[in-house]
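Contents: one structure, followed by commentary.
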Number of protein chains: 2
Amino acid sequence: MADAAKASEPSQKSAPGEGSYALRAGEVAVELPAQFDVSLYFIGRIRTPWQRREECPKNGGESDAVCTVELDPRWAEGLSGLETTSHVWLLYWMDQARRDLVLQSPRHYAEQRGTFALRSPVRPNPIAMAVARLLRIEGATLSVVGLDCLDNTPLLDIKPYFASTDAIPDASVGWHAGCKR
Amino acid sequence: MADAAKASEPSQKSAPGEGSYALRAGEVAVELPAQFDVSLYFIGRIRTPWQRREECPKNGGESDAVCTVELDPRWAEGLSGLETTSHVWLLYWMDQARRDLVLQSPRHYAEQRGTFALRSPVRPNPIAMAVARLLRIEGATLSVVGLDCLDNTPLLDIKPYFASTDAIPDASVGWHAGCKR
């Protein structure tokens, strides 16, 4: 029975303090909880033109590249009706990020910020979300525009974008207003 | 070391086929994968006025109730800078939902739809996301408006809402356009 499934061992890539993920000046790490609470299935992969982080656009709006979302065929029927939507949310797993930072100093900002004030992949649960424009669905494959993630990124969820609840055009992020990216 | 942490046993509440979560006409379940891939920490709880699903507003925009997000104090420094944002994304875990449906027949819609065409809590990874208006932050507690979830819902993440990437006011969901809720 699936509910008895165990989480596999987390990837070594997410070990804190390794390689390029060592702390920078002003960054603060905390001790992670001893236990996880719940677990996720990867339900597919996102295929993009970008193999290395340096190649990725700074945000999805900067690229017109057509990316594909390859859903595990097990879930293909779950796409029924999605073809009528103009935009979709993709939730995906940032599998190369450390999880224990509370204060971060991203390279492109001058000051340190709290993890929850940033969209950085470094966070206790490295779930990223991005809106993409849906071009078409063929079988279990979606063609979309507007992503900025690495090729082969693990997919967690697909949701329809509802402007009535998701679009807040006048929302503001004060700390970011004066920043150049 | 935190990376060696194991996921706890999934809640019995998420067992497929139980109680009020039995299949309705037109609903289709698939066999879940035998293994989970990665695991999550609950980083806090969302406190709302709603103790039962029937009490929850249909969507967050329907209620002006002030809800609170109680972040685990371990992560409190991660809020630094978030006080300058007008709106936040909250990601949370729908811990009472079954995870194996690909086609669903929600009570308030006439037709069955694919899981990924719906915002239903029933999905392979029951991660919900909602925009909330941020009123204030005191210590590790956020006061917000615009939620519709049950009291004590487990929190997974807090992110700033960036209108530049998140707001698509003209996005459409064709199948929903003719529906009354």
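Simple scheme: letters A, B, ... for chains in structure tokens order, numbers from 1 for residues in each chain, numbers from 1 for ligands in the order shown.
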Exercise: segment 81-94 of chain A partners within 8 Å, only C-alpha atoms, chain neighbours under 6 positions left out, as an MDAnalysis selection string = (chainID A and resid 121 126:137 153:161) or (chainID B and resid 113:114 116:117 171:175)
What does the file look like for those residues with N, CA and C atoms, as a short mmCIF file (atom, residue, chain, number, x, y, z; two decimals), in the first residue's frame?
```
data_model
loop_
_atom_site.label_atom_id
_atom_site.label_comp_id
_atom_site.auth_asym_id
_atom_site.auth_seq_id
_atom_site.Cartn_x
_atom_site.Cartn_y
_atom_site.Cartn_z
N PRO A 121 16.17 29.43 -3.99
CA PRO A 121 15.93 27.99 -3.79
C PRO A 121 16.33 27.49 -2.42
N PRO A 126 12.56 23.20 -0.21
CA PRO A 126 12.93 23.87 -1.47
C PRO A 126 11.95 23.59 -2.60
N ILE A 127 10.71 24.05 -2.37
CA ILE A 127 9.65 23.97 -3.37
C ILE A 127 9.60 25.32 -4.10
N ALA A 128 9.78 25.28 -5.40
CA ALA A 128 9.68 26.50 -6.20
C ALA A 128 8.36 26.47 -6.96
N MET A 129 7.85 27.67 -7.26
CA MET A 129 6.64 27.74 -8.06
C MET A 129 6.83 28.79 -9.13
N ALA A 130 6.32 28.51 -10.32
CA ALA A 130 6.46 29.43 -11.43
C ALA A 130 5.23 29.34 -12.31
N VAL A 131 4.79 30.50 -12.80
CA VAL A 131 3.71 30.54 -13.78
C VAL A 131 4.31 30.32 -15.16
N ALA A 132 3.67 29.50 -15.96
CA ALA A 132 4.10 29.33 -17.34
C ALA A 132 2.90 29.46 -18.25
N ARG A 133 3.15 29.97 -19.45
CA ARG A 133 2.09 30.06 -20.46
C ARG A 133 2.00 28.71 -21.16
N LEU A 134 0.80 28.17 -21.21
CA LEU A 134 0.61 26.84 -21.78
C LEU A 134 0.39 26.94 -23.29
N LEU A 135 1.25 26.29 -24.04
CA LEU A 135 1.10 26.29 -25.50
C LEU A 135 0.24 25.12 -25.96
N ARG A 136 0.55 23.92 -25.47
CA ARG A 136 -0.22 22.74 -25.88
C ARG A 136 0.09 21.57 -24.97
N ILE A 137 -0.79 20.59 -25.04
CA ILE A 137 -0.60 19.33 -24.31
C ILE A 137 -0.70 18.20 -25.33
N THR A 153 14.67 19.27 -13.94
CA THR A 153 14.17 19.60 -12.60
C THR A 153 12.97 18.71 -12.24
N PRO A 154 12.97 18.13 -11.05
CA PRO A 154 11.84 17.27 -10.66
C PRO A 154 10.54 18.06 -10.45
N LEU A 155 9.47 17.54 -11.05
CA LEU A 155 8.16 18.18 -10.98
C LEU A 155 7.36 17.65 -9.78
N LEU A 156 6.68 18.56 -9.09
CA LEU A 156 5.86 18.17 -7.93
C LEU A 156 4.37 18.32 -8.18
N ASP A 157 3.99 19.32 -8.95
CA ASP A 157 2.55 19.57 -9.13
C ASP A 157 2.34 20.48 -10.33
N ILE A 158 1.14 20.40 -10.89
CA ILE A 158 0.66 21.31 -11.93
C ILE A 158 -0.71 21.78 -11.47
N LYS A 159 -0.94 23.10 -11.50
CA LYS A 159 -2.23 23.66 -11.09
C LYS A 159 -2.66 24.69 -12.13
N PRO A 160 -3.97 24.84 -12.34
CA PRO A 160 -4.43 25.92 -13.21
C PRO A 160 -4.20 27.27 -12.52
N TYR A 161 -3.86 28.28 -13.32
CA TYR A 161 -3.70 29.63 -12.78
C TYR A 161 -5.06 30.33 -12.82
N ARG B 113 -13.12 16.24 -13.80
CA ARG B 113 -11.96 16.96 -14.34
C ARG B 113 -10.70 16.24 -13.90
N GLY B 114 -9.65 16.50 -14.67
CA GLY B 114 -8.34 15.99 -14.26
C GLY B 114 -7.84 16.71 -13.02
N PHE B 116 -5.00 17.85 -12.31
CA PHE B 116 -4.13 19.00 -12.54
C PHE B 116 -4.87 20.18 -13.17
N ALA B 117 -6.16 19.98 -13.51
CA ALA B 117 -6.98 21.10 -13.97
C ALA B 117 -7.76 21.71 -12.81
N ALA B 171 -5.05 35.93 -17.36
CA ALA B 171 -5.04 34.47 -17.50
C ALA B 171 -6.46 33.93 -17.42
N SER B 172 -6.72 32.85 -18.14
CA SER B 172 -8.08 32.31 -18.16
C SER B 172 -8.08 30.80 -17.97
N VAL B 173 -9.19 30.32 -17.41
CA VAL B 173 -9.41 28.89 -17.23
C VAL B 173 -10.72 28.58 -17.96
N GLY B 174 -10.58 28.10 -19.19
CA GLY B 174 -11.75 27.93 -20.05
C GLY B 174 -12.86 27.10 -19.43
N TRP B 175 -12.51 25.95 -18.86
CA TRP B 175 -13.56 25.07 -18.35
C TRP B 175 -14.32 25.72 -17.21
#
```
For this session: Just the helix (DSSP H, G or I) stuff from segment 37-179 of chain A, please, per backbone DSSP, written as an MDAnalysis selection string.
Result: chainID A and resid 53:55 60:62 73:79 82:84 115:117 163:166 174:177
Which polymer residues have any atom within 12 Å of an atom of Asn152 of chain A, counting only C-alpha atoms, with same-chain residues fewer than 6 positions away left out, as a PyMOL selection string?
chain A and resi 42+44-52+67-71+92-96
Write out as a ChimeraX atom specification all residues of segment 5-179 of chain A that DSSP puts in strand (DSSP E) for this structure's backbone. /A:28-29,38-40,44-47,66-71,87-93,101-104,113-114,127-138,141-145,153-160
What is the distance between atom CA of Val28 of chain B and atom CA of Ser39 of chain A, in Å to one decimal?
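About the pair atom CA of Val28 of chain B and atom CA of Ser39 of chain A: they are 22.5 Å apart.
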Distance in Å - atom CA of Gly60 of chain B versus atom CA of Phe162 of chain A =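 Calculated distance between atom CA of Gly60 of chain B and atom CA of Phe162 of chain A is 12.5 Å.
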Item to complete: Please identify all polymer residues within 10 Å of Ser164 of chain A, counting only C-alpha atoms, omitting same-chain residues fewer than 6 positions from it, and present them as a ChimeraX atom specification.
Response: /B:59,61,168-172
_For a quick check of understanding, using only C-alpha atoms, which of B:Glu62, B:Asp37, B:Glu55, B:Asp151 has the smallest distance to chain A?_
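Closest to chain A of all the choices is B:Asp37.
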Of A:Ser80, A:Asn125, A:Ser63, A:Thr115, the one nearest to Tyr41 of chain B when counting only C-alpha atoms is A:Asn125
Need the shell around Val102 of chain B: protein/DNA/RNA residues with any atom at most 12 Å away, counting only C-alpha atoms. Skip same-chain ones fewer than 3 positions apart. Format as a compact mmCIF listing (two decimals) with N, CA, C and O atoms, in the first residue's frame?
```
# COMPACT_ATOMS: atom_id res chain seq x y z
N PRO A 73 3.61 9.06 -17.11
CA PRO A 73 2.36 8.62 -17.77
C PRO A 73 1.30 8.11 -16.80
O PRO A 73 0.11 8.18 -17.09
N ARG A 74 1.74 7.67 -15.62
CA ARG A 74 0.78 7.24 -14.59
C ARG A 74 -0.27 8.31 -14.32
O ARG A 74 -1.42 8.01 -14.00
N TRP A 75 0.13 9.59 -14.43
CA TRP A 75 -0.73 10.71 -14.05
C TRP A 75 -1.39 11.38 -15.24
O TRP A 75 -2.06 12.41 -15.08
N ALA A 76 -1.20 10.83 -16.46
CA ALA A 76 -1.61 11.56 -17.67
C ALA A 76 -3.09 11.95 -17.67
O ALA A 76 -3.45 13.06 -18.10
N GLU A 77 -3.95 11.08 -17.19
CA GLU A 77 -5.39 11.43 -17.19
C GLU A 77 -5.68 12.67 -16.35
O GLU A 77 -6.71 13.32 -16.54
N GLY A 78 -4.81 12.96 -15.44
CA GLY A 78 -4.99 14.13 -14.57
C GLY A 78 -4.90 15.45 -15.30
O GLY A 78 -5.21 16.50 -14.75
N LEU A 79 -4.47 15.41 -16.56
CA LEU A 79 -4.37 16.64 -17.37
C LEU A 79 -5.69 17.02 -18.02
O LEU A 79 -5.81 18.11 -18.59
N SER A 80 -6.68 16.15 -17.92
CA SER A 80 -7.95 16.38 -18.61
C SER A 80 -8.60 17.70 -18.19
O SER A 80 -8.87 17.93 -17.01
N GLY A 81 -8.84 18.57 -19.14
CA GLY A 81 -9.43 19.88 -18.86
C GLY A 81 -8.39 20.98 -18.77
O GLY A 81 -8.72 22.15 -18.95
N LEU B 23 -14.33 7.07 -3.40
CA LEU B 23 -14.53 7.52 -4.79
C LEU B 23 -15.98 7.89 -5.04
O LEU B 23 -16.89 7.19 -4.62
N GLY B 26 -17.47 8.69 -11.47
CA GLY B 26 -16.63 9.40 -12.43
C GLY B 26 -15.21 9.63 -11.95
O GLY B 26 -14.39 10.16 -12.69
N GLU B 27 -14.91 9.24 -10.72
CA GLU B 27 -13.56 9.45 -10.21
C GLU B 27 -12.69 8.23 -10.50
O GLU B 27 -13.15 7.09 -10.47
N VAL B 28 -11.42 8.50 -10.80
CA VAL B 28 -10.49 7.43 -11.16
C VAL B 28 -9.23 7.56 -10.32
O VAL B 28 -8.64 8.64 -10.23
N ALA B 29 -8.83 6.44 -9.70
CA ALA B 29 -7.61 6.40 -8.90
C ALA B 29 -6.54 5.61 -9.63
O ALA B 29 -6.85 4.72 -10.43
N VAL B 30 -5.28 5.92 -9.39
CA VAL B 30 -4.17 5.14 -9.93
C VAL B 30 -3.36 4.57 -8.78
O VAL B 30 -3.51 4.99 -7.63
N GLU B 31 -2.49 3.62 -9.11
CA GLU B 31 -1.60 3.09 -8.07
C GLU B 31 -0.48 4.09 -7.82
O GLU B 31 0.18 4.55 -8.77
N LEU B 32 -0.27 4.44 -6.57
CA LEU B 32 0.78 5.40 -6.25
C LEU B 32 2.16 4.74 -6.40
O LEU B 32 2.28 3.51 -6.28
N ARG B 98 -6.64 12.42 0.06
CA ARG B 98 -6.05 11.26 -0.58
C ARG B 98 -5.21 11.74 -1.77
O ARG B 98 -5.40 12.85 -2.27
N ARG B 99 -4.31 10.90 -2.23
CA ARG B 99 -3.29 11.36 -3.18
C ARG B 99 -3.31 10.63 -4.51
O ARG B 99 -2.47 10.89 -5.36
N SER B 105 -14.52 14.41 -9.32
CA SER B 105 -15.85 15.00 -9.49
C SER B 105 -16.18 15.84 -8.26
O SER B 105 -16.93 15.41 -7.40
N GLN B 112 -16.61 15.69 -14.35
CA GLN B 112 -15.32 15.25 -13.82
C GLN B 112 -14.21 16.04 -14.51
O GLN B 112 -14.35 16.45 -15.66
N ARG B 113 -13.12 16.24 -13.80
CA ARG B 113 -11.96 16.96 -14.34
C ARG B 113 -10.70 16.24 -13.90
O ARG B 113 -10.67 15.58 -12.88
N GLY B 114 -9.65 16.50 -14.67
CA GLY B 114 -8.34 15.99 -14.26
C GLY B 114 -7.84 16.71 -13.02
O GLY B 114 -8.11 17.90 -12.82
N THR B 115 -7.12 15.98 -12.20
CA THR B 115 -6.56 16.53 -10.96
C THR B 115 -5.77 17.81 -11.20
O THR B 115 -5.86 18.77 -10.43
N PHE B 116 -5.00 17.85 -12.31
CA PHE B 116 -4.13 19.00 -12.54
C PHE B 116 -4.87 20.18 -13.17
O PHE B 116 -4.30 21.25 -13.35
N ALA B 117 -6.16 19.98 -13.51
CA ALA B 117 -6.98 21.10 -13.97
C ALA B 117 -7.76 21.71 -12.81
O ALA B 117 -8.51 22.67 -12.99
N LEU B 118 -7.59 21.17 -11.62
CA LEU B 118 -8.31 21.61 -10.42
C LEU B 118 -7.35 22.12 -9.36
O LEU B 118 -6.18 21.75 -9.34
N SER B 120 -8.16 21.42 -6.26
CA SER B 120 -8.57 20.51 -5.19
C SER B 120 -7.38 20.07 -4.33
O SER B 120 -6.26 19.93 -4.82
N VAL B 122 -6.96 17.20 -3.29
CA VAL B 122 -6.66 15.82 -3.69
C VAL B 122 -5.72 15.83 -4.89
O VAL B 122 -6.10 16.20 -5.99
N ARG B 123 -4.45 15.46 -4.67
CA ARG B 123 -3.44 15.43 -5.71
C ARG B 123 -2.24 14.65 -5.20
O ARG B 123 -2.12 14.43 -4.00
N PRO B 124 -1.34 14.21 -6.11
CA PRO B 124 -0.25 13.34 -5.66
C PRO B 124 0.59 13.97 -4.54
O PRO B 124 1.02 13.27 -3.62
```
